[in-house]
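Everything on this sheet refers to the single structure shown next.
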There are 2 protein chains.
Amino acid sequence: MRENDTFPFLPLREPTFFILLSLFPGEKHGYAILKEVEQISQKRVELSTGTLYEALARLLEQGLIERSEDGRAPGPGKPRKLYRLTGLGRRVVEAEAERLAQLSNAAHRQMRDQRAGG
Amino acid sequence: MRENDTFPFLPLREPTFFILLSLFPGEKHGYAILKEVEQISQKRVELSTGTLYEALARLLEQGLIERSEDGRAPGPGKPRKLYRLTGLGRRVVEAEAERLAQLSNAAHRQMRDQRAGG
DNA sequence: ATAATATATATAGGTTTCCGACATATAGGC
DNA sequence: GCCTATATGTCGGAAACCTATATATATTAT
């Protein structure tokens with residue numbers, strides 16, 4: 001089957017979700033992910049490198065991301081390693097976004113119903 | 001201060017969020033929480049009793065919930081223990097719901113921008 | 001009567017994921 | 001040379017979850 005292959009991966013925790021989300025537009029290396037996550041979360045999430053690189057190893061093993069060619073762009077630091085979403089990884093991000101939307105709706109429904117006195 | 005006292009509790013994990021959310025309309029005992037969470041999550045979340053009672057102990061200690069009078073209502077099972085949200089607990093649920101809404105928006109924005117070719 | 005079921009609370013052991021601290025390596029500016 | 005920014009990685013501990021197990025009580029079926 002293919003509709004439900006995202007199920008065992010959900011829910012994602014916040015850092016993992018942001019890492020995958022940062023790869024949605026295209027491939028990136030670890031440090032670039034770190035900076036992008038700060039940006040798209042408006043500084044609300046600042047990953048530690050421990051969280052980042054352990055997550056990348058895990059996501060590789062789970063088949064949600066894969067390595068692409070190393071961009072040896074001139075610049076400081078150790079050699080970069082580029083990562084991109086797999087098809088499965090893309091479906092997992094989309095499924096998690098959908099879960100979050102439903103959860104948010106369920107929450108506001110529950111809080112509204114209370115105020116109405118139901 | 002009082003605006004930011006919810007910060008150290010966020011993000012909540014899914015089971016904890018649903019437990020607090022189930023208490024929003026009013027006090028409940030543990031087993032009732034278990035059933036309510038199944039209902040408001042449309043069976044997507046089924047708490048184990050381990051998760052539930054450990055979470056209740058933790059939330060009590062953190063001051064997000066408190067005990068109310070034991071309703072010794074006639075019925076089967078061990079004596080019930082009733083719990084309700086504290087003021088802090090209520091603010092935490094609301095802050096988490098707000099965080100989820102923003103996270104959901106950020107996610108859809110990121111996925112949409114990609115499709116637009118940015 | 002008694003056996004089975006649904007209700008109700010609780011603890012123990014193991015796993016996953018995260019976080020903070022530390023370690024290593026490279027390039028450019030002062 | 002030294003500092004800073006870039007870049008990857010490991011280690012130990014903590015938080016929260018899950019599965020399994022244990023206990024207790026009332027109702028229902030046999």
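For the structure tokens, the naming scheme is as follows: chains receive sequential letters (A, B, ...) according to their order of presentation, residues are indexed from 1 within each chain, and ligands are indexed from 1 in presentation order.
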
With all Cα atoms paired residue by residue, do a least-squares superposition of chain B on chain A and hand back the transformed coordinates as a short mmCIF file (atom, residue, chain, number, x, y, z; two decimals) with N, CA and C atoms, in the first residue's frame.
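This is the output file result31.cif:
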data_model
loop_
_atom_site.label_atom_id
_atom_site.label_comp_id
_atom_site.auth_asym_id
_atom_site.auth_seq_id
_atom_site.Cartn_x
_atom_site.Cartn_y
_atom_site.Cartn_z
N MET B 1 0.74 -1.22 -0.14
CA MET B 1 -0.05 0.02 -0.19
C MET B 1 0.84 1.24 -0.13
N ARG B 2 0.22 2.40 -0.38
CA ARG B 2 1.03 3.62 -0.38
C ARG B 2 0.34 4.78 0.30
N GLU B 3 -0.95 4.67 0.54
CA GLU B 3 -1.64 5.80 1.18
C GLU B 3 -1.19 5.98 2.63
N ASN B 4 -0.93 4.85 3.30
CA ASN B 4 -0.72 4.90 4.74
C ASN B 4 0.74 4.68 5.15
N ASP B 5 1.67 4.79 4.22
CA ASP B 5 3.05 4.49 4.59
C ASP B 5 3.68 5.59 5.43
N THR B 6 2.97 6.70 5.62
CA THR B 6 3.51 7.78 6.46
C THR B 6 3.13 7.59 7.93
N PHE B 7 2.15 6.75 8.18
CA PHE B 7 1.59 6.61 9.52
C PHE B 7 2.61 6.32 10.63
N PRO B 8 3.50 5.34 10.45
CA PRO B 8 4.42 5.03 11.55
C PRO B 8 5.40 6.15 11.90
N PHE B 9 5.50 7.17 11.06
CA PHE B 9 6.45 8.25 11.34
C PHE B 9 5.82 9.41 12.12
N LEU B 10 4.51 9.40 12.24
CA LEU B 10 3.81 10.53 12.86
C LEU B 10 3.41 10.22 14.30
N PRO B 11 3.33 11.24 15.18
CA PRO B 11 3.67 12.62 14.91
C PRO B 11 5.18 12.86 14.94
N LEU B 12 5.63 13.83 14.17
CA LEU B 12 7.02 14.27 14.23
C LEU B 12 7.18 15.24 15.39
N ARG B 13 8.37 15.29 15.97
CA ARG B 13 8.60 16.31 16.98
C ARG B 13 9.06 17.57 16.27
N GLU B 14 8.93 18.68 16.97
CA GLU B 14 9.11 19.98 16.32
C GLU B 14 10.45 20.12 15.56
N PRO B 15 11.58 19.80 16.17
CA PRO B 15 12.84 19.95 15.43
C PRO B 15 12.88 19.12 14.16
N THR B 16 12.44 17.87 14.22
CA THR B 16 12.45 17.00 13.05
C THR B 16 11.54 17.53 11.96
N PHE B 17 10.38 18.03 12.35
CA PHE B 17 9.46 18.59 11.36
C PHE B 17 10.09 19.78 10.64
N PHE B 18 10.74 20.66 11.38
CA PHE B 18 11.35 21.83 10.77
C PHE B 18 12.52 21.45 9.86
N ILE B 19 13.26 20.42 10.24
CA ILE B 19 14.36 19.97 9.38
C ILE B 19 13.83 19.51 8.03
N LEU B 20 12.81 18.67 8.05
CA LEU B 20 12.23 18.18 6.80
C LEU B 20 11.60 19.32 6.01
N LEU B 21 10.94 20.22 6.72
CA LEU B 21 10.27 21.34 6.07
C LEU B 21 11.28 22.25 5.36
N SER B 22 12.45 22.40 5.98
CA SER B 22 13.48 23.26 5.38
C SER B 22 14.02 22.67 4.07
N LEU B 23 13.86 21.36 3.91
CA LEU B 23 14.35 20.70 2.69
C LEU B 23 13.29 20.67 1.59
N PHE B 24 12.10 21.16 1.90
CA PHE B 24 11.01 21.08 0.92
C PHE B 24 11.33 21.83 -0.38
N PRO B 25 11.88 23.05 -0.29
CA PRO B 25 12.18 23.77 -1.54
C PRO B 25 13.34 23.16 -2.33
N GLY B 26 14.23 22.42 -1.67
CA GLY B 26 15.35 21.83 -2.40
C GLY B 26 16.47 21.41 -1.47
N GLU B 27 17.51 20.79 -2.03
CA GLU B 27 18.59 20.23 -1.23
C GLU B 27 19.35 21.31 -0.45
N LYS B 28 19.87 20.91 0.71
CA LYS B 28 20.66 21.80 1.55
C LYS B 28 21.67 20.97 2.34
N HIS B 29 22.71 21.63 2.86
CA HIS B 29 23.61 20.96 3.79
C HIS B 29 23.21 21.31 5.22
N GLY B 30 23.78 20.58 6.17
CA GLY B 30 23.35 20.66 7.56
C GLY B 30 23.30 22.07 8.13
N TYR B 31 24.39 22.78 7.98
CA TYR B 31 24.45 24.10 8.58
C TYR B 31 23.44 25.06 7.95
N ALA B 32 23.18 24.89 6.67
CA ALA B 32 22.17 25.71 5.98
C ALA B 32 20.78 25.40 6.52
N ILE B 33 20.54 24.13 6.85
CA ILE B 33 19.27 23.73 7.46
C ILE B 33 19.09 24.46 8.79
N LEU B 34 20.17 24.49 9.58
CA LEU B 34 20.16 25.16 10.87
C LEU B 34 19.69 26.61 10.74
N LYS B 35 20.24 27.31 9.75
CA LYS B 35 19.91 28.71 9.55
C LYS B 35 18.50 28.89 9.00
N GLU B 36 18.12 28.02 8.08
CA GLU B 36 16.78 28.11 7.47
C GLU B 36 15.70 27.86 8.52
N VAL B 37 15.94 26.94 9.43
CA VAL B 37 14.95 26.64 10.46
C VAL B 37 14.76 27.86 11.37
N GLU B 38 15.85 28.53 11.70
CA GLU B 38 15.72 29.76 12.49
C GLU B 38 14.84 30.77 11.75
N GLN B 39 15.04 30.83 10.45
CA GLN B 39 14.32 31.83 9.66
C GLN B 39 12.82 31.50 9.55
N ILE B 40 12.50 30.28 9.10
CA ILE B 40 11.08 29.97 8.88
C ILE B 40 10.31 29.82 10.19
N SER B 41 11.03 29.65 11.31
CA SER B 41 10.34 29.61 12.60
C SER B 41 10.37 30.97 13.28
N GLN B 42 10.88 31.96 12.60
CA GLN B 42 11.02 33.30 13.16
C GLN B 42 11.76 33.28 14.50
N LYS B 43 12.90 32.55 14.49
CA LYS B 43 13.79 32.49 15.66
C LYS B 43 13.19 31.74 16.84
N ARG B 44 11.98 31.19 16.67
CA ARG B 44 11.37 30.47 17.79
C ARG B 44 12.03 29.11 18.01
N VAL B 45 12.63 28.55 16.95
CA VAL B 45 13.34 27.28 17.07
C VAL B 45 14.79 27.46 16.66
N GLU B 46 15.70 27.18 17.60
CA GLU B 46 17.13 27.22 17.27
C GLU B 46 17.74 25.87 17.60
N LEU B 47 17.97 25.07 16.57
CA LEU B 47 18.45 23.71 16.74
C LEU B 47 19.87 23.70 17.29
N SER B 48 20.14 22.76 18.19
CA SER B 48 21.52 22.49 18.56
C SER B 48 22.10 21.56 17.50
N THR B 49 23.43 21.57 17.38
CA THR B 49 24.03 20.71 16.34
C THR B 49 23.84 19.23 16.71
N GLY B 50 23.76 18.95 17.99
CA GLY B 50 23.49 17.57 18.40
C GLY B 50 22.18 17.08 17.84
N THR B 51 21.13 17.87 18.05
CA THR B 51 19.80 17.53 17.53
C THR B 51 19.84 17.38 16.01
N LEU B 52 20.49 18.33 15.36
CA LEU B 52 20.51 18.35 13.89
C LEU B 52 21.16 17.11 13.29
N TYR B 53 22.40 16.83 13.69
CA TYR B 53 23.13 15.76 13.00
C TYR B 53 22.65 14.37 13.39
N GLU B 54 22.16 14.24 14.61
CA GLU B 54 21.54 12.97 14.98
C GLU B 54 20.25 12.76 14.20
N ALA B 55 19.50 13.83 14.02
CA ALA B 55 18.25 13.72 13.26
C ALA B 55 18.55 13.37 11.80
N LEU B 56 19.58 13.98 11.22
CA LEU B 56 19.91 13.68 9.82
C LEU B 56 20.29 12.21 9.65
N ALA B 57 21.09 11.69 10.58
CA ALA B 57 21.48 10.28 10.51
C ALA B 57 20.25 9.38 10.60
N ARG B 58 19.35 9.73 11.49
CA ARG B 58 18.14 8.94 11.69
C ARG B 58 17.25 8.98 10.44
N LEU B 59 17.08 10.18 9.89
CA LEU B 59 16.20 10.36 8.74
C LEU B 59 16.76 9.66 7.49
N LEU B 60 18.09 9.63 7.39
CA LEU B 60 18.73 8.88 6.31
C LEU B 60 18.40 7.40 6.43
N GLU B 61 18.56 6.88 7.65
CA GLU B 61 18.33 5.47 7.89
C GLU B 61 16.87 5.09 7.64
N GLN B 62 15.97 6.03 7.96
CA GLN B 62 14.54 5.78 7.77
C GLN B 62 14.09 5.99 6.32
N GLY B 63 14.99 6.55 5.52
CA GLY B 63 14.65 6.75 4.11
C GLY B 63 13.78 7.96 3.84
N LEU B 64 13.77 8.92 4.75
CA LEU B 64 12.99 10.14 4.52
C LEU B 64 13.81 11.20 3.79
N ILE B 65 15.13 11.10 3.91
CA ILE B 65 16.03 11.97 3.14
C ILE B 65 17.12 11.11 2.52
N GLU B 66 17.86 11.69 1.56
CA GLU B 66 18.99 10.99 0.97
C GLU B 66 20.09 11.97 0.65
N ARG B 67 21.31 11.47 0.52
CA ARG B 67 22.44 12.31 0.16
C ARG B 67 22.39 12.64 -1.33
N SER B 68 22.79 13.87 -1.66
CA SER B 68 22.99 14.17 -3.08
C SER B 68 24.46 14.55 -3.24
N GLU B 69 24.87 14.91 -4.43
CA GLU B 69 26.29 15.20 -4.69
C GLU B 69 26.81 16.26 -3.74
N ASP B 70 28.02 16.04 -3.25
CA ASP B 70 28.61 17.02 -2.37
C ASP B 70 28.99 18.27 -3.16
N GLY B 71 28.37 19.36 -2.77
CA GLY B 71 28.72 20.62 -3.41
C GLY B 71 29.96 21.17 -2.72
N ARG B 72 31.13 20.93 -3.29
CA ARG B 72 32.34 21.42 -2.65
C ARG B 72 32.50 22.90 -2.99
N ALA B 73 31.50 23.67 -2.59
CA ALA B 73 31.53 25.10 -2.84
C ALA B 73 32.65 25.72 -2.01
N PRO B 74 33.37 26.68 -2.58
CA PRO B 74 34.44 27.33 -1.83
C PRO B 74 33.87 28.06 -0.63
N GLY B 75 34.52 27.91 0.50
CA GLY B 75 34.04 28.55 1.72
C GLY B 75 34.65 27.88 2.92
N PRO B 76 34.41 28.45 4.09
CA PRO B 76 35.00 27.93 5.31
C PRO B 76 34.33 26.65 5.78
N GLY B 77 34.97 25.97 6.72
CA GLY B 77 34.35 24.82 7.37
C GLY B 77 34.68 23.49 6.73
N LYS B 78 34.28 22.45 7.43
CA LYS B 78 34.46 21.09 6.92
C LYS B 78 33.66 20.91 5.64
N PRO B 79 34.01 19.89 4.86
CA PRO B 79 33.28 19.65 3.60
C PRO B 79 31.79 19.47 3.86
N ARG B 80 31.01 20.10 3.01
CA ARG B 80 29.56 20.02 3.17
C ARG B 80 29.01 18.68 2.71
N LYS B 81 27.88 18.32 3.33
CA LYS B 81 27.13 17.15 2.85
C LYS B 81 25.72 17.61 2.52
N LEU B 82 25.30 17.35 1.30
CA LEU B 82 23.98 17.81 0.85
C LEU B 82 22.92 16.73 1.04
N TYR B 83 21.75 17.17 1.49
CA TYR B 83 20.62 16.26 1.69
C TYR B 83 19.41 16.78 0.94
N ARG B 84 18.55 15.81 0.54
CA ARG B 84 17.27 16.18 -0.07
C ARG B 84 16.20 15.20 0.38
N LEU B 85 14.94 15.63 0.28
CA LEU B 85 13.81 14.76 0.62
C LEU B 85 13.68 13.63 -0.38
N THR B 86 13.30 12.45 0.11
CA THR B 86 12.87 11.37 -0.79
C THR B 86 11.37 11.54 -1.04
N GLY B 87 10.81 10.73 -1.91
CA GLY B 87 9.37 10.77 -2.13
C GLY B 87 8.62 10.48 -0.84
N LEU B 88 9.10 9.49 -0.11
CA LEU B 88 8.49 9.17 1.19
C LEU B 88 8.60 10.35 2.15
N GLY B 89 9.79 10.96 2.19
CA GLY B 89 9.99 12.10 3.07
C GLY B 89 9.02 13.23 2.78
N ARG B 90 8.81 13.47 1.50
CA ARG B 90 7.87 14.52 1.09
C ARG B 90 6.45 14.19 1.55
N ARG B 91 6.05 12.94 1.40
CA ARG B 91 4.70 12.56 1.83
C ARG B 91 4.56 12.68 3.35
N VAL B 92 5.65 12.37 4.06
CA VAL B 92 5.60 12.48 5.52
C VAL B 92 5.43 13.94 5.95
N VAL B 93 6.17 14.85 5.33
CA VAL B 93 6.02 16.27 5.67
C VAL B 93 4.59 16.73 5.41
N GLU B 94 4.06 16.35 4.27
CA GLU B 94 2.70 16.77 3.93
C GLU B 94 1.67 16.18 4.89
N ALA B 95 1.88 14.91 5.26
CA ALA B 95 0.95 14.27 6.20
C ALA B 95 1.02 14.94 7.57
N GLU B 96 2.21 15.31 7.99
CA GLU B 96 2.37 15.97 9.28
C GLU B 96 1.74 17.37 9.26
N ALA B 97 1.90 18.08 8.18
CA ALA B 97 1.27 19.40 8.06
C ALA B 97 -0.25 19.26 8.14
N GLU B 98 -0.77 18.24 7.51
CA GLU B 98 -2.20 17.97 7.55
C GLU B 98 -2.65 17.62 8.97
N ARG B 99 -1.85 16.78 9.65
CA ARG B 99 -2.17 16.42 11.03
C ARG B 99 -2.20 17.66 11.92
N LEU B 100 -1.24 18.56 11.75
CA LEU B 100 -1.18 19.78 12.55
C LEU B 100 -2.41 20.66 12.33
N ALA B 101 -2.83 20.76 11.08
CA ALA B 101 -4.00 21.56 10.76
C ALA B 101 -5.24 20.99 11.44
N GLN B 102 -5.39 19.66 11.37
CA GLN B 102 -6.54 19.02 12.00
C GLN B 102 -6.50 19.15 13.51
N LEU B 103 -5.29 19.02 14.07
CA LEU B 103 -5.12 19.14 15.51
C LEU B 103 -5.47 20.55 15.97
N SER B 104 -5.02 21.52 15.22
CA SER B 104 -5.32 22.92 15.53
C SER B 104 -6.82 23.17 15.48
N ASN B 105 -7.47 22.61 14.48
CA ASN B 105 -8.93 22.76 14.37
C ASN B 105 -9.65 22.09 15.55
N ALA B 106 -9.24 20.87 15.87
CA ALA B 106 -9.86 20.15 16.99
C ALA B 106 -9.71 20.93 18.28
N ALA B 107 -8.54 21.54 18.46
CA ALA B 107 -8.27 22.30 19.68
C ALA B 107 -9.18 23.51 19.78
N HIS B 108 -9.28 24.27 18.72
CA HIS B 108 -10.10 25.47 18.77
C HIS B 108 -11.57 25.13 18.89
N ARG B 109 -11.98 24.02 18.30
CA ARG B 109 -13.36 23.56 18.44
C ARG B 109 -13.66 23.25 19.91
N GLN B 110 -12.75 22.50 20.53
CA GLN B 110 -12.93 22.11 21.94
C GLN B 110 -12.98 23.34 22.85
N MET B 111 -12.16 24.34 22.56
CA MET B 111 -12.11 25.53 23.41
C MET B 111 -13.31 26.43 23.16
N ARG B 112 -13.79 26.44 21.94
CA ARG B 112 -14.95 27.25 21.60
C ARG B 112 -16.23 26.67 22.21
N ASP B 113 -16.39 25.35 22.08
CA ASP B 113 -17.58 24.69 22.60
C ASP B 113 -17.74 24.95 24.10
N GLN B 114 -16.62 25.02 24.80
CA GLN B 114 -16.68 25.28 26.24
C GLN B 114 -17.28 26.65 26.51
N ARG B 115 -16.81 27.64 25.76
CA ARG B 115 -17.27 29.02 25.98
C ARG B 115 -18.76 29.16 25.66
N ALA B 116 -19.24 28.32 24.73
CA ALA B 116 -20.64 28.37 24.37
C ALA B 116 -21.52 27.75 25.47
N GLY B 117 -20.87 27.12 26.42
CA GLY B 117 -21.61 26.58 27.55
C GLY B 117 -22.10 25.16 27.35
N GLY B 118 -21.55 24.45 26.35
CA GLY B 118 -21.96 23.06 26.13
C GLY B 118 -21.43 22.23 27.25
#

So which residues of segment 45-111 of chain A fall under helix (DSSP H, G or I) by DSSP, listed as a ChimeraX atom specification?
-> /A:49-62,87-111

Interface, chain C side, toward chain B (10 Å; only C-alpha atoms (C1' of nucleotides)) as number ranges by chain | C: 6-11

Residue hits in chain D, query chain A, radius 8 Å, only C-alpha atoms (C1' of nucleotides), as a PyMOL selection string = chain D and resi 5-9

Using the chain letters and numbers from this document, which residues of chain B does DSSP assign to strand (DSSP E or B), as a PyMOL selection string?
-> chain B and resi 28-29+65-68+82-85

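One finds atom C1' of DT27 of chain D at 13.3 Å from atom C1' of DT2 of chain C.
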
Non-local contacts of DC11 of chain D (12 Å; only C-alpha atoms (C1' of nucleotides); under 6 positions in same chain excluded) as a list in words |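 Counting only the stated atoms, we get Gly50 and Glu54 of chain A; DC19, DG20, DA21, DC22 and DA23 of chain C.
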
What lies within 10 Å of DA4 of chain C using only C-alpha atoms (C1' of nucleotides), ignoring chain neighbours under 5 positions off, as number ranges by chain?
-> D: 28-30
